[in-house]
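Pasting run-v7.csv here (CSV, C-alpha atoms):
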```
chain,number,residue,atom,x,y,z
A,1,MET,CA,-11.5,135.7,249.7
A,2,THR,CA,-11.8,138.0,246.7
A,3,SER,CA,-11.3,136.7,243.2
A,4,ASP,CA,-8.0,138.7,243.0
A,5,GLN,CA,-6.5,136.4,245.6
A,6,SER,CA,-7.0,133.5,243.2
A,7,GLU,CA,-3.9,134.7,241.5
A,8,HIS,CA,-1.8,133.0,244.2
A,9,THR,CA,-0.6,129.4,243.9
A,10,LEU,CA,-2.8,127.0,245.9
A,11,SER,CA,-1.3,125.1,248.8
A,12,ASP,CA,-1.6,121.3,248.9
A,13,THR,CA,-4.5,121.6,251.3
A,14,GLU,CA,-6.3,124.0,249.0
A,15,GLU,CA,-5.6,121.7,246.0
A,16,ASN,CA,-7.1,118.8,247.9
A,17,ILE,CA,-10.2,121.0,248.7
A,18,MET,CA,-10.5,121.8,245.0
A,19,GLU,CA,-10.3,118.2,244.0
A,20,ALA,CA,-13.0,117.3,246.7
A,21,THR,CA,-15.2,120.2,245.4
A,22,HIS,CA,-14.9,118.9,241.9
A,23,THR,CA,-15.8,115.4,242.9
A,24,ALA,CA,-18.7,116.6,245.1
A,25,LEU,CA,-20.0,118.7,242.2
A,26,LEU,CA,-20.0,115.8,239.8
A,27,LYS,CA,-21.9,113.7,242.4
A,28,HIS,CA,-24.5,116.2,243.6
A,29,GLY,CA,-24.7,119.0,241.0
A,30,TYR,CA,-24.5,122.7,241.8
A,31,ALA,CA,-27.9,123.2,243.5
A,32,ASP,CA,-27.3,120.3,246.0
A,33,LEU,CA,-23.7,121.0,246.6
A,34,SER,CA,-22.9,121.9,250.3
A,35,ILE,CA,-19.7,122.4,252.3
A,36,ALA,CA,-20.7,119.3,254.3
A,37,ARG,CA,-20.8,117.2,251.1
A,38,ILE,CA,-17.4,118.6,250.0
A,39,GLY,CA,-16.1,117.6,253.5
A,40,ASP,CA,-17.3,114.0,252.8
A,41,GLU,CA,-14.8,113.9,249.9
A,42,LEU,CA,-12.0,115.1,252.1
A,43,ASP,CA,-9.8,113.3,254.7
A,44,ARG,CA,-10.1,116.3,257.0
A,45,SER,CA,-13.0,117.9,258.8
A,46,LYS,CA,-15.2,120.4,257.0
A,47,SER,CA,-14.1,123.1,259.5
A,48,SER,CA,-10.8,123.2,257.6
A,49,ILE,CA,-12.7,124.2,254.5
A,50,TYR,CA,-14.1,127.2,256.3
A,51,HIS,CA,-10.5,128.2,257.2
A,52,TYR,CA,-10.0,128.9,253.5
A,53,TYR,CA,-13.4,129.6,252.1
A,54,GLU,CA,-16.5,131.4,253.4
A,55,SER,CA,-19.1,129.9,251.2
A,56,LYS,CA,-20.0,127.5,248.4
A,57,ASP,CA,-19.6,130.4,245.9
A,58,ASP,CA,-16.1,131.2,247.2
A,59,LEU,CA,-15.2,127.6,246.6
A,60,LEU,CA,-16.7,127.5,243.1
A,61,ILE,CA,-15.0,130.8,242.1
A,62,THR,CA,-11.6,129.3,243.1
A,63,LEU,CA,-12.4,126.0,241.4
A,64,LEU,CA,-13.1,127.9,238.2
A,65,GLU,CA,-9.7,129.5,238.4
A,66,PHE,CA,-8.1,126.2,239.3
A,67,THR,CA,-9.7,124.5,236.3
A,68,VAL,CA,-8.5,127.2,233.9
A,69,ASN,CA,-5.0,126.8,235.3
A,70,LYS,CA,-5.2,123.0,234.7
A,71,PHE,CA,-6.6,123.6,231.2
A,72,GLU,CA,-3.8,126.0,230.3
A,73,SER,CA,-1.1,123.8,231.7
A,74,ALA,CA,-2.3,120.8,229.8
A,75,LEU,CA,-2.4,122.9,226.6
A,76,ASP,CA,1.1,124.2,227.3
A,77,ALA,CA,2.4,120.6,227.8
A,78,GLU,CA,1.0,119.5,224.4
A,79,ARG,CA,1.7,122.7,222.6
A,80,SER,CA,2.8,121.9,219.1
A,81,GLN,CA,5.5,123.9,217.4
A,82,ASN,CA,2.9,124.9,214.9
A,83,PRO,CA,0.5,127.7,216.0
A,84,ALA,CA,-2.3,126.3,213.7
A,85,GLU,CA,-2.1,122.9,215.3
A,86,THR,CA,-2.1,124.5,218.8
A,87,LEU,CA,-5.2,126.5,218.0
A,88,LYS,CA,-6.9,123.4,216.6
A,89,GLN,CA,-6.0,121.4,219.8
A,90,LEU,CA,-7.5,124.2,222.0
A,91,ILE,CA,-10.7,124.2,219.9
A,92,ALA,CA,-10.9,120.3,220.0
A,93,LYS,CA,-10.5,120.2,223.7
A,94,LEU,CA,-13.3,122.7,224.3
A,95,LEU,CA,-15.7,121.7,221.5
A,96,VAL,CA,-15.4,118.0,221.3
A,97,PRO,CA,-18.9,116.8,220.4
A,98,ASP,CA,-18.8,113.8,222.8
A,99,PRO,CA,-16.7,114.8,225.8
A,100,PRO,CA,-15.8,112.4,228.6
A,101,GLU,CA,-18.7,112.1,231.1
A,102,ASP,CA,-16.8,114.0,233.9
A,103,ASP,CA,-16.0,116.9,231.5
A,104,TYR,CA,-19.6,117.1,230.3
A,105,GLN,CA,-20.9,117.0,233.9
A,106,PHE,CA,-18.6,119.8,234.8
A,107,GLN,CA,-19.7,121.9,231.9
A,108,THR,CA,-23.4,121.4,232.9
A,109,VAL,CA,-22.4,122.7,236.4
A,110,LEU,CA,-20.7,125.7,234.9
A,111,VAL,CA,-23.8,126.6,232.9
A,112,GLY,CA,-25.9,126.7,236.1
A,113,PHE,CA,-23.2,128.7,238.0
A,114,ARG,CA,-22.6,131.1,235.1
A,115,SER,CA,-26.4,131.9,234.8
A,116,GLN,CA,-26.0,133.6,238.2
A,117,ALA,CA,-23.6,136.0,236.7
A,118,VAL,CA,-26.6,138.0,235.6
A,119,THR,CA,-27.4,139.0,239.2
A,120,ASN,CA,-24.2,138.3,241.2
A,121,SER,CA,-21.4,140.7,240.5
A,122,ARG,CA,-18.7,138.5,242.0
A,123,ILE,CA,-19.7,135.5,239.8
A,124,ARG,CA,-19.9,137.9,236.8
A,125,ALA,CA,-16.4,139.3,237.5
A,126,GLN,CA,-15.1,135.7,237.7
A,127,PHE,CA,-16.6,134.6,234.3
A,128,THR,CA,-15.4,137.9,232.8
A,129,ARG,CA,-11.9,136.9,234.0
A,130,VAL,CA,-12.2,133.3,232.8
A,131,ASP,CA,-13.1,134.5,229.3
A,132,GLU,CA,-10.3,137.1,229.4
A,133,ARG,CA,-7.8,134.4,230.1
A,134,LEU,CA,-9.1,132.1,227.4
A,135,ALA,CA,-9.1,135.1,225.0
A,136,ASP,CA,-5.5,135.9,226.0
A,137,THR,CA,-4.4,132.3,225.2
A,138,ILE,CA,-6.1,132.4,221.8
A,139,ARG,CA,-4.7,135.8,221.0
A,140,GLU,CA,-1.1,134.7,221.9
A,141,ILE,CA,-1.4,131.7,219.6
A,142,LEU,CA,-2.7,134.0,216.8
A,143,GLU,CA,0.0,136.6,217.3
A,144,ARG,CA,2.7,133.9,217.3
A,145,GLY,CA,1.3,132.5,214.1
A,146,ILE,CA,1.2,136.0,212.5
A,147,ALA,CA,4.8,136.7,213.6
A,148,GLU,CA,6.0,133.4,212.2
A,149,ASN,CA,4.2,133.9,208.9
A,150,VAL,CA,2.0,130.9,209.5
A,151,PHE,CA,-1.2,133.0,209.7
A,152,GLU,CA,-2.3,135.8,207.5
A,153,ASP,CA,-1.9,139.3,209.1
A,154,VAL,CA,-5.5,139.4,210.6
A,155,ASN,CA,-6.8,141.5,213.4
A,156,ALA,CA,-5.8,139.1,216.2
A,157,SER,CA,-8.1,140.7,218.8
A,158,GLU,CA,-11.2,140.5,216.6
A,159,VAL,CA,-10.5,137.0,215.4
A,160,THR,CA,-9.9,135.9,219.0
A,161,GLU,CA,-13.4,137.1,220.1
A,162,TYR,CA,-15.0,135.5,217.1
A,163,ILE,CA,-13.4,132.1,217.9
A,164,LEU,CA,-14.2,132.4,221.6
A,165,ALA,CA,-17.8,133.3,221.0
A,166,THR,CA,-18.2,130.4,218.6
A,167,ILE,CA,-16.7,128.0,221.2
A,168,ASN,CA,-18.9,129.3,224.0
A,169,GLY,CA,-21.9,129.1,221.8
A,170,GLY,CA,-21.1,125.5,220.9
A,171,ILE,CA,-20.6,124.5,224.5
A,172,TYR,CA,-23.8,126.2,225.5
A,173,THR,CA,-25.7,124.4,222.7
A,174,ARG,CA,-24.3,121.0,223.7
A,175,VAL,CA,-25.3,121.5,227.4
A,176,THR,CA,-28.7,123.0,226.9
A,177,THR,CA,-30.1,121.3,223.8
A,178,ASP,CA,-30.2,117.9,222.1
A,179,ARG,CA,-28.5,119.4,219.0
A,180,VAL,CA,-25.4,117.3,219.0
A,181,ASP,CA,-24.9,117.6,215.2
A,182,ALA,CA,-24.9,121.4,215.6
A,183,VAL,CA,-21.8,121.1,217.8
A,184,THR,CA,-20.1,118.8,215.3
A,185,ALA,CA,-20.8,121.2,212.4
A,186,THR,CA,-19.6,124.2,214.5
A,187,HIS,CA,-16.3,122.4,215.3
A,188,SER,CA,-15.8,121.5,211.7
A,189,MET,CA,-16.5,125.0,210.4
A,190,LEU,CA,-14.1,126.5,212.9
A,191,VAL,CA,-11.4,124.2,211.6
A,192,SER,CA,-12.2,125.1,208.0
A,193,TYR,CA,-12.1,128.8,209.0
A,194,ILE,CA,-8.5,128.3,210.3
A,195,ASP,CA,-7.5,126.4,207.2
A,196,SER,CA,-9.0,128.7,204.6
A,197,GLU,CA,-8.9,132.1,206.3
A,198,LEU,CA,-6.1,132.1,208.8
A,199,ILE,CA,-3.3,129.9,207.4
A,200,GLN,CA,-1.2,131.6,204.7
A,201,ASP,CA,-1.3,129.9,201.4
A,202,ALA,CA,1.8,127.9,200.6
A,203,VAL,CA,4.0,129.9,198.2
B,1,MET,CA,-50.0,121.8,228.0
B,2,THR,CA,-47.2,120.2,226.0
B,3,SER,CA,-44.7,122.1,223.9
B,4,ASP,CA,-46.3,120.6,220.8
B,5,GLN,CA,-49.5,122.4,221.4
B,6,SER,CA,-47.7,125.7,221.2
B,7,GLU,CA,-47.9,125.2,217.4
B,8,HIS,CA,-51.4,126.5,217.6
B,9,THR,CA,-52.3,130.2,217.2
B,10,LEU,CA,-52.8,131.9,220.5
B,11,SER,CA,-56.2,133.3,221.4
B,12,ASP,CA,-56.5,137.0,222.4
B,13,THR,CA,-56.7,135.9,226.0
B,14,GLU,CA,-53.6,133.8,225.7
B,15,GLU,CA,-51.8,136.7,224.0
B,16,ASN,CA,-52.8,139.0,226.9
B,17,ILE,CA,-51.4,136.4,229.3
B,18,MET,CA,-48.1,136.3,227.3
B,19,GLU,CA,-47.8,140.1,227.4
B,20,ALA,CA,-48.5,140.1,231.2
B,21,THR,CA,-45.9,137.3,231.7
B,22,HIS,CA,-43.3,139.3,229.8
B,23,THR,CA,-44.0,142.4,231.8
B,24,ALA,CA,-43.9,140.5,235.1
B,25,LEU,CA,-40.7,138.8,234.1
B,26,LEU,CA,-39.0,142.1,233.4
B,27,LYS,CA,-40.2,143.5,236.7
B,28,HIS,CA,-39.4,140.5,239.0
B,29,GLY,CA,-36.9,138.3,237.2
B,30,TYR,CA,-37.3,134.5,236.7
B,31,ALA,CA,-36.7,133.4,240.3
B,32,ASP,CA,-39.3,135.8,241.8
B,33,LEU,CA,-41.9,135.3,239.1
B,34,SER,CA,-45.2,133.9,240.2
B,35,ILE,CA,-48.6,133.3,238.7
B,36,ALA,CA,-50.0,135.8,241.2
B,37,ARG,CA,-47.5,138.5,239.9
B,38,ILE,CA,-48.5,137.7,236.3
B,39,GLY,CA,-52.1,138.1,237.5
B,40,ASP,CA,-51.3,141.6,238.8
B,41,GLU,CA,-50.4,142.6,235.2
B,42,LEU,CA,-53.7,141.3,233.9
B,43,ASP,CA,-57.2,142.7,233.9
B,44,ARG,CA,-58.7,139.3,234.9
B,45,SER,CA,-58.3,137.1,237.9
B,46,LYS,CA,-55.3,134.8,238.1
B,47,SER,CA,-57.6,131.8,238.1
B,48,SER,CA,-58.1,132.5,234.3
B,49,ILE,CA,-54.3,131.8,233.9
B,50,TYR,CA,-54.7,128.4,235.4
B,51,HIS,CA,-57.3,127.6,232.9
B,52,TYR,CA,-54.6,127.8,230.2
B,53,TYR,CA,-51.4,127.0,232.1
B,54,GLU,CA,-50.5,124.7,234.9
B,55,SER,CA,-47.3,126.2,236.1
B,56,LYS,CA,-44.8,129.0,235.7
B,57,ASP,CA,-42.6,126.8,233.5
B,58,ASP,CA,-45.7,126.2,231.2
B,59,LEU,CA,-46.1,129.9,230.8
B,60,LEU,CA,-42.4,130.5,230.1
B,61,ILE,CA,-42.3,127.7,227.5
B,62,THR,CA,-45.2,129.3,225.7
B,63,LEU,CA,-43.7,132.7,226.1
B,64,LEU,CA,-40.5,131.5,224.4
B,65,GLU,CA,-42.5,130.2,221.4
B,66,PHE,CA,-44.5,133.5,221.3
B,67,THR,CA,-41.2,135.5,221.3
B,68,VAL,CA,-39.7,133.5,218.5
B,69,ASN,CA,-43.0,134.0,216.5
B,70,LYS,CA,-42.8,137.7,217.0
B,71,PHE,CA,-39.1,137.8,216.1
B,72,GLU,CA,-39.7,135.9,212.9
B,73,SER,CA,-42.7,138.0,212.0
B,74,ALA,CA,-40.7,141.2,212.5
B,75,LEU,CA,-37.9,139.7,210.4
B,76,ASP,CA,-40.4,138.7,207.6
B,77,ALA,CA,-41.9,142.2,207.6
B,78,GLU,CA,-38.5,143.9,207.1
B,79,ARG,CA,-37.0,141.1,204.9
B,80,SER,CA,-34.9,142.7,202.2
B,81,GLN,CA,-34.9,141.4,198.6
B,82,ASN,CA,-31.2,140.7,199.2
B,83,PRO,CA,-30.4,137.5,201.2
B,84,ALA,CA,-27.1,139.0,202.4
B,85,GLU,CA,-28.9,142.0,203.9
B,86,THR,CA,-31.6,139.8,205.4
B,87,LEU,CA,-28.9,137.7,207.1
B,88,LYS,CA,-27.1,140.8,208.4
B,89,GLN,CA,-30.4,142.2,209.8
B,90,LEU,CA,-31.0,138.9,211.7
B,91,ILE,CA,-27.5,139.0,213.1
B,92,ALA,CA,-27.8,142.7,214.1
B,93,LYS,CA,-31.1,142.1,215.9
B,94,LEU,CA,-29.7,139.3,218.0
B,95,LEU,CA,-26.2,140.5,218.5
B,96,VAL,CA,-26.6,144.3,218.9
B,97,PRO,CA,-23.9,145.2,221.5
B,98,ASP,CA,-26.2,147.6,223.3
B,99,PRO,CA,-29.8,146.3,223.1
B,100,PRO,CA,-32.8,148.2,224.4
B,101,GLU,CA,-33.2,147.7,228.2
B,102,ASP,CA,-36.3,145.5,227.8
B,103,ASP,CA,-34.6,143.2,225.3
B,104,TYR,CA,-31.5,142.9,227.5
B,105,GLN,CA,-33.6,142.1,230.5
B,106,PHE,CA,-35.5,139.4,228.6
B,107,GLN,CA,-32.2,137.9,227.5
B,108,THR,CA,-31.0,137.7,231.1
B,109,VAL,CA,-34.2,135.9,232.0
B,110,LEU,CA,-33.7,133.5,229.2
B,111,VAL,CA,-30.2,132.6,230.4
B,112,GLY,CA,-31.6,131.7,233.8
B,113,PHE,CA,-34.4,129.7,232.3
B,114,ARG,CA,-32.1,128.0,229.8
B,115,SER,CA,-29.6,126.9,232.5
B,116,GLN,CA,-32.4,124.6,233.7
B,117,ALA,CA,-32.4,122.8,230.4
B,118,VAL,CA,-29.5,120.8,231.9
B,119,THR,CA,-31.9,118.9,234.3
B,120,ASN,CA,-35.4,119.6,233.0
B,121,SER,CA,-36.2,117.7,229.8
B,122,ARG,CA,-39.2,119.8,228.9
B,123,ILE,CA,-37.2,123.0,229.1
B,124,ARG,CA,-34.4,121.3,227.1
B,125,ALA,CA,-36.8,120.2,224.4
B,126,GLN,CA,-38.1,123.7,224.1
B,127,PHE,CA,-34.7,125.3,223.7
B,128,THR,CA,-33.8,122.6,221.2
B,129,ARG,CA,-36.9,123.6,219.3
B,130,VAL,CA,-36.1,127.4,219.6
B,131,ASP,CA,-32.6,126.8,218.2
B,132,GLU,CA,-34.0,124.5,215.5
B,133,ARG,CA,-36.4,127.3,214.4
B,134,LEU,CA,-33.6,129.9,214.3
B,135,ALA,CA,-31.4,127.5,212.4
B,136,ASP,CA,-34.3,126.9,209.9
B,137,THR,CA,-34.6,130.6,209.3
B,138,ILE,CA,-30.9,131.1,208.8
B,139,ARG,CA,-30.6,128.1,206.5
B,140,GLU,CA,-33.5,129.3,204.4
B,141,ILE,CA,-31.8,132.7,203.9
B,142,LEU,CA,-28.6,130.9,202.9
B,143,GLU,CA,-30.3,128.5,200.5
B,144,ARG,CA,-32.2,131.4,198.9
B,145,GLY,CA,-28.9,133.3,198.5
B,146,ILE,CA,-27.2,130.2,196.9
B,147,ALA,CA,-30.1,129.7,194.5
B,148,GLU,CA,-30.0,133.3,193.5
B,149,ASN,CA,-26.2,133.2,193.0
B,150,VAL,CA,-25.7,135.9,195.7
B,151,PHE,CA,-23.9,133.4,198.0
B,152,GLU,CA,-21.2,131.0,197.1
B,153,ASP,CA,-22.3,127.3,197.0
B,154,VAL,CA,-21.4,126.6,200.6
B,155,ASN,CA,-22.7,123.8,202.8
B,156,ALA,CA,-25.8,125.7,204.1
B,157,SER,CA,-26.4,123.4,207.1
B,158,GLU,CA,-22.8,123.7,208.4
B,159,VAL,CA,-22.6,127.4,207.9
B,160,THR,CA,-26.0,127.8,209.6
B,161,GLU,CA,-24.8,126.1,212.8
B,162,TYR,CA,-21.6,128.1,212.7
B,163,ILE,CA,-23.5,131.4,212.5
B,164,LEU,CA,-26.0,130.3,215.2
B,165,ALA,CA,-23.3,129.1,217.6
B,166,THR,CA,-21.5,132.4,217.2
B,167,ILE,CA,-24.7,134.4,217.8
B,168,ASN,CA,-25.5,132.3,220.9
B,169,GLY,CA,-22.0,132.7,222.2
B,170,GLY,CA,-22.1,136.4,221.7
B,171,ILE,CA,-25.5,136.7,223.5
B,172,TYR,CA,-24.2,134.5,226.4
B,173,THR,CA,-21.1,136.7,226.7
B,174,ARG,CA,-23.1,139.9,226.8
B,175,VAL,CA,-25.4,138.6,229.5
B,176,THR,CA,-22.8,136.8,231.8
B,177,THR,CA,-19.7,139.0,231.5
B,178,ASP,CA,-18.6,142.6,231.3
B,179,ARG,CA,-16.9,142.0,227.9
B,180,VAL,CA,-19.0,144.4,225.8
B,181,ASP,CA,-16.1,144.8,223.3
B,182,ALA,CA,-16.1,141.1,222.7
B,183,VAL,CA,-19.7,141.3,221.5
B,184,THR,CA,-18.9,144.2,219.2
B,185,ALA,CA,-15.9,142.3,217.7
B,186,THR,CA,-17.9,139.1,217.3
B,187,HIS,CA,-20.7,141.0,215.4
B,188,SER,CA,-18.2,142.8,213.2
B,189,MET,CA,-16.3,139.5,212.4
B,190,LEU,CA,-19.6,137.7,211.4
B,191,VAL,CA,-20.4,140.6,209.0
B,192,SER,CA,-16.9,140.3,207.5
B,193,TYR,CA,-17.4,136.5,207.2
B,194,ILE,CA,-20.6,137.1,205.2
B,195,ASP,CA,-18.9,139.7,203.0
B,196,SER,CA,-15.7,137.8,202.3
B,197,GLU,CA,-16.7,134.2,202.4
B,198,LEU,CA,-20.4,134.0,201.6
B,199,ILE,CA,-21.1,136.7,199.1
B,200,GLN,CA,-20.0,135.8,195.5
B,201,ASP,CA,-17.4,138.1,194.1
B,202,ALA,CA,-18.8,140.5,191.5
B,203,VAL,CA,-17.9,139.3,188.1
```
Starting from the file, give its structure as structure tokens.
Amino acid sequence: MTSDQSEHTLSDTEENIMEATHTALLKHGYADLSIARIGDELDRSKSSIYHYYESKDDLLITLLEFTVNKFESALDAERSQNPAETLKQLIAKLLVPDPPEDDYQFQTVLVGFRSQAVTNSRIRAQFTRVDERLADTIREILERGIAENVFEDVNASEVTEYILATINGGIYTRVTTDRVDAVTATHSMLVSYIDSELIQDAV
Amino acid sequence: MTSDQSEHTLSDTEENIMEATHTALLKHGYADLSIARIGDELDRSKSSIYHYYESKDDLLITLLEFTVNKFESALDAERSQNPAETLKQLIAKLLVPDPPEDDYQFQTVLVGFRSQAVTNSRIRAQFTRVDERLADTIREILERGIAENVFEDVNASEVTEYILATINGGIYTRVTTDRVDAVTATHSMLVSYIDSELIQDAV
């Protein structure tokens, strides 16, 4: 399965496999994950997994896409009428200093998986794609805000990359250091940036 | 050797071992690095390495400290009289979109090593320490700028974490994705932030 195919909508079976992969990852971590262990979380034999996926990395690449889809659907469902509020919701979801245990665990797994992007071109292509999708989401919110005169007429592409880099840096800090206060400060500064630099002053 | 001991000044032998470790890392990468391969880069037998370091991780933890020391000395040597210029130099060094091959290689190694901070408490403590030191450096530049009325009277600690998260996110993006333009945009936005938000308006 190439990463391009992950464009398609997942069947119920594939969704079940994704949920099982997620559960097995949280239990065993990336290094100790195996298709057998994913099979343990499923009602069907592990051979059915091989029907869809050739390897652990195949599964994780699809899981990443599946997770971004879920994240974006959740964001769409809660999307406020106000672009500034929508942007703050997105930042709060990704940069909450004290995330639920499962979300934190999943982020730790992603850091291990993402570190392999350095040498594995498929994993690199998938993280490039994940970041492109997050950037697209942020850019759309910014462009909507500019069109509606909520935001100043900033360079939406540059501001998008700046916000995304800050979010990624904050997540990386939370997962790889004990500097929890740094994440809180980063979150609070990003919100200040939106309030003071992006939102148009009331007339 | 505990990470606390890395406070001490390295002897010439230790410095030679650090240079050899750095060279071996660039040649073989983190996963394939071994003390034997570091020994190959040294004029002395590998048993002398064991006199100082117990394991590959010991060596890398010290190398990290050694690298931060070198980075800070280089920054000190070039330090401009102007805090805004000094801050921009620091950001340019860490966030240059197209770094020299050796620097890029070293950053890729660090991403692999840092991903282990999730499960290895010594590695986590060392990256916490590295980020603390970078944060201290940035905060000192900000505080000097505020005292000299070059910068606005901002919350130096919060601004520090914001800048550091953005730098870390930019480095992480460069090493784990193909989104080179994102790094360029992040760098350029950080410079704009300094110009428009930190530097006091000329009277």
Best match for closeness to chain B among A:Thr128, A:Asn149, A:Ser55, A:Ser47, counting all atoms listed in the file = A:Thr128
Contacts of B:His22 at 12 Å or less, counting all atoms listed in the file, minus same-chain residues fewer than 2 places along, as a PyMOL selection string?
-> chain B and resi 15-20+24-30+33-35+37-39+41-42+56+59-64+66-67+102-103+105-107+109-110
Point-to-point distance in Å for atom CA of A:Asp76 and atom CA of A:Val159 =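 Atom-to-atom, atom CA of A:Val159 and atom CA of A:Asp76 are spaced 21.0 Å apart.
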Around the point (-16.9, 134.1, 226.4) (coordinates from the file), which residues reach within 9 Å if we count all atoms listed in the file? Answer as a compact mmCIF listing (two decimals) with C-alpha atoms, in the coordinates of the input.
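Contents of result-v7.txt, as written:
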```txt
# COMPACT_ATOMS: atom_id res chain seq x y z
CA PHE A 127 -16.60 134.60 234.30
CA THR A 128 -15.40 137.90 232.80
CA VAL A 130 -12.20 133.30 232.80
CA ASP A 131 -13.10 134.50 229.30
CA GLU A 132 -10.30 137.10 229.40
CA LEU A 134 -9.10 132.10 227.40
CA ALA A 135 -9.10 135.10 225.00
CA GLU A 161 -13.40 137.10 220.10
CA LEU A 164 -14.20 132.40 221.60
CA ALA A 165 -17.80 133.30 221.00
CA THR A 166 -18.20 130.40 218.60
CA ILE A 167 -16.70 128.00 221.20
CA ASN A 168 -18.90 129.30 224.00
CA GLY A 169 -21.90 129.10 221.80
CA GLY B 169 -22.00 132.70 222.20
CA GLY B 170 -22.10 136.40 221.70
CA TYR B 172 -24.20 134.50 226.40
CA THR B 173 -21.10 136.70 226.70
CA ARG B 174 -23.10 139.90 226.80
CA THR B 176 -22.80 136.80 231.80
CA THR B 177 -19.70 139.00 231.50
CA ARG B 179 -16.90 142.00 227.90
CA ALA B 182 -16.10 141.10 222.70
```
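The coordinates place atom CA of B:Leu95 at 21.7 Å from atom CA of B:Gln81.
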Any idea what the distance is between atom CA of A:Gly145 and atom CA of A:Pro83?
-> 5.2 Å
Of B:Val175, B:Asp57, B:Glu85, B:Lys93, the one sitting nearest B:Thr108 when using all atoms listed in the file is B:Val175
Do a neighbour search on A:Ser115 at 8 Å with all atoms listed in the file, toss out local chain neighbours closer than 3 positions, and write the hits as a ChimeraX atom specification.
-> /A:111-112,118 /B:111-112,115,176
How would the residues just chosen look if you wrote them out with C-alpha atoms as a CSV table (one decimal), keeping the file's coordinate frame?
```
chain,number,residue,atom,x,y,z
A,111,VAL,CA,-23.8,126.6,232.9
A,112,GLY,CA,-25.9,126.7,236.1
A,118,VAL,CA,-26.6,138.0,235.6
B,111,VAL,CA,-30.2,132.6,230.4
B,112,GLY,CA,-31.6,131.7,233.8
B,115,SER,CA,-29.6,126.9,232.5
B,176,THR,CA,-22.8,136.8,231.8
```
Pick out the residues sitting within 7 Å of B:Pro97, and hand them over as a compact mmCIF listing (two decimals) with C-alpha atoms, keeping the file's coordinate frame; count all atoms listed in the file, and ignore anything fewer than 2 positions along from it in its own chain.
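File written: result_0.txt
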```txt
# COMPACT_ATOMS: atom_id res chain seq x y z
CA LEU B 95 -26.20 140.50 218.50
CA PRO B 99 -29.80 146.30 223.10
CA VAL B 180 -19.00 144.40 225.80
CA VAL B 183 -19.70 141.30 221.50
CA THR B 184 -18.90 144.20 219.20
```
Given all atoms listed in the file as the counted atoms, nearest of A:Glu14, A:Glu101, A:Glu197, A:Glu78 to chain B =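 Closest to chain B of all the choices is A:Glu197.
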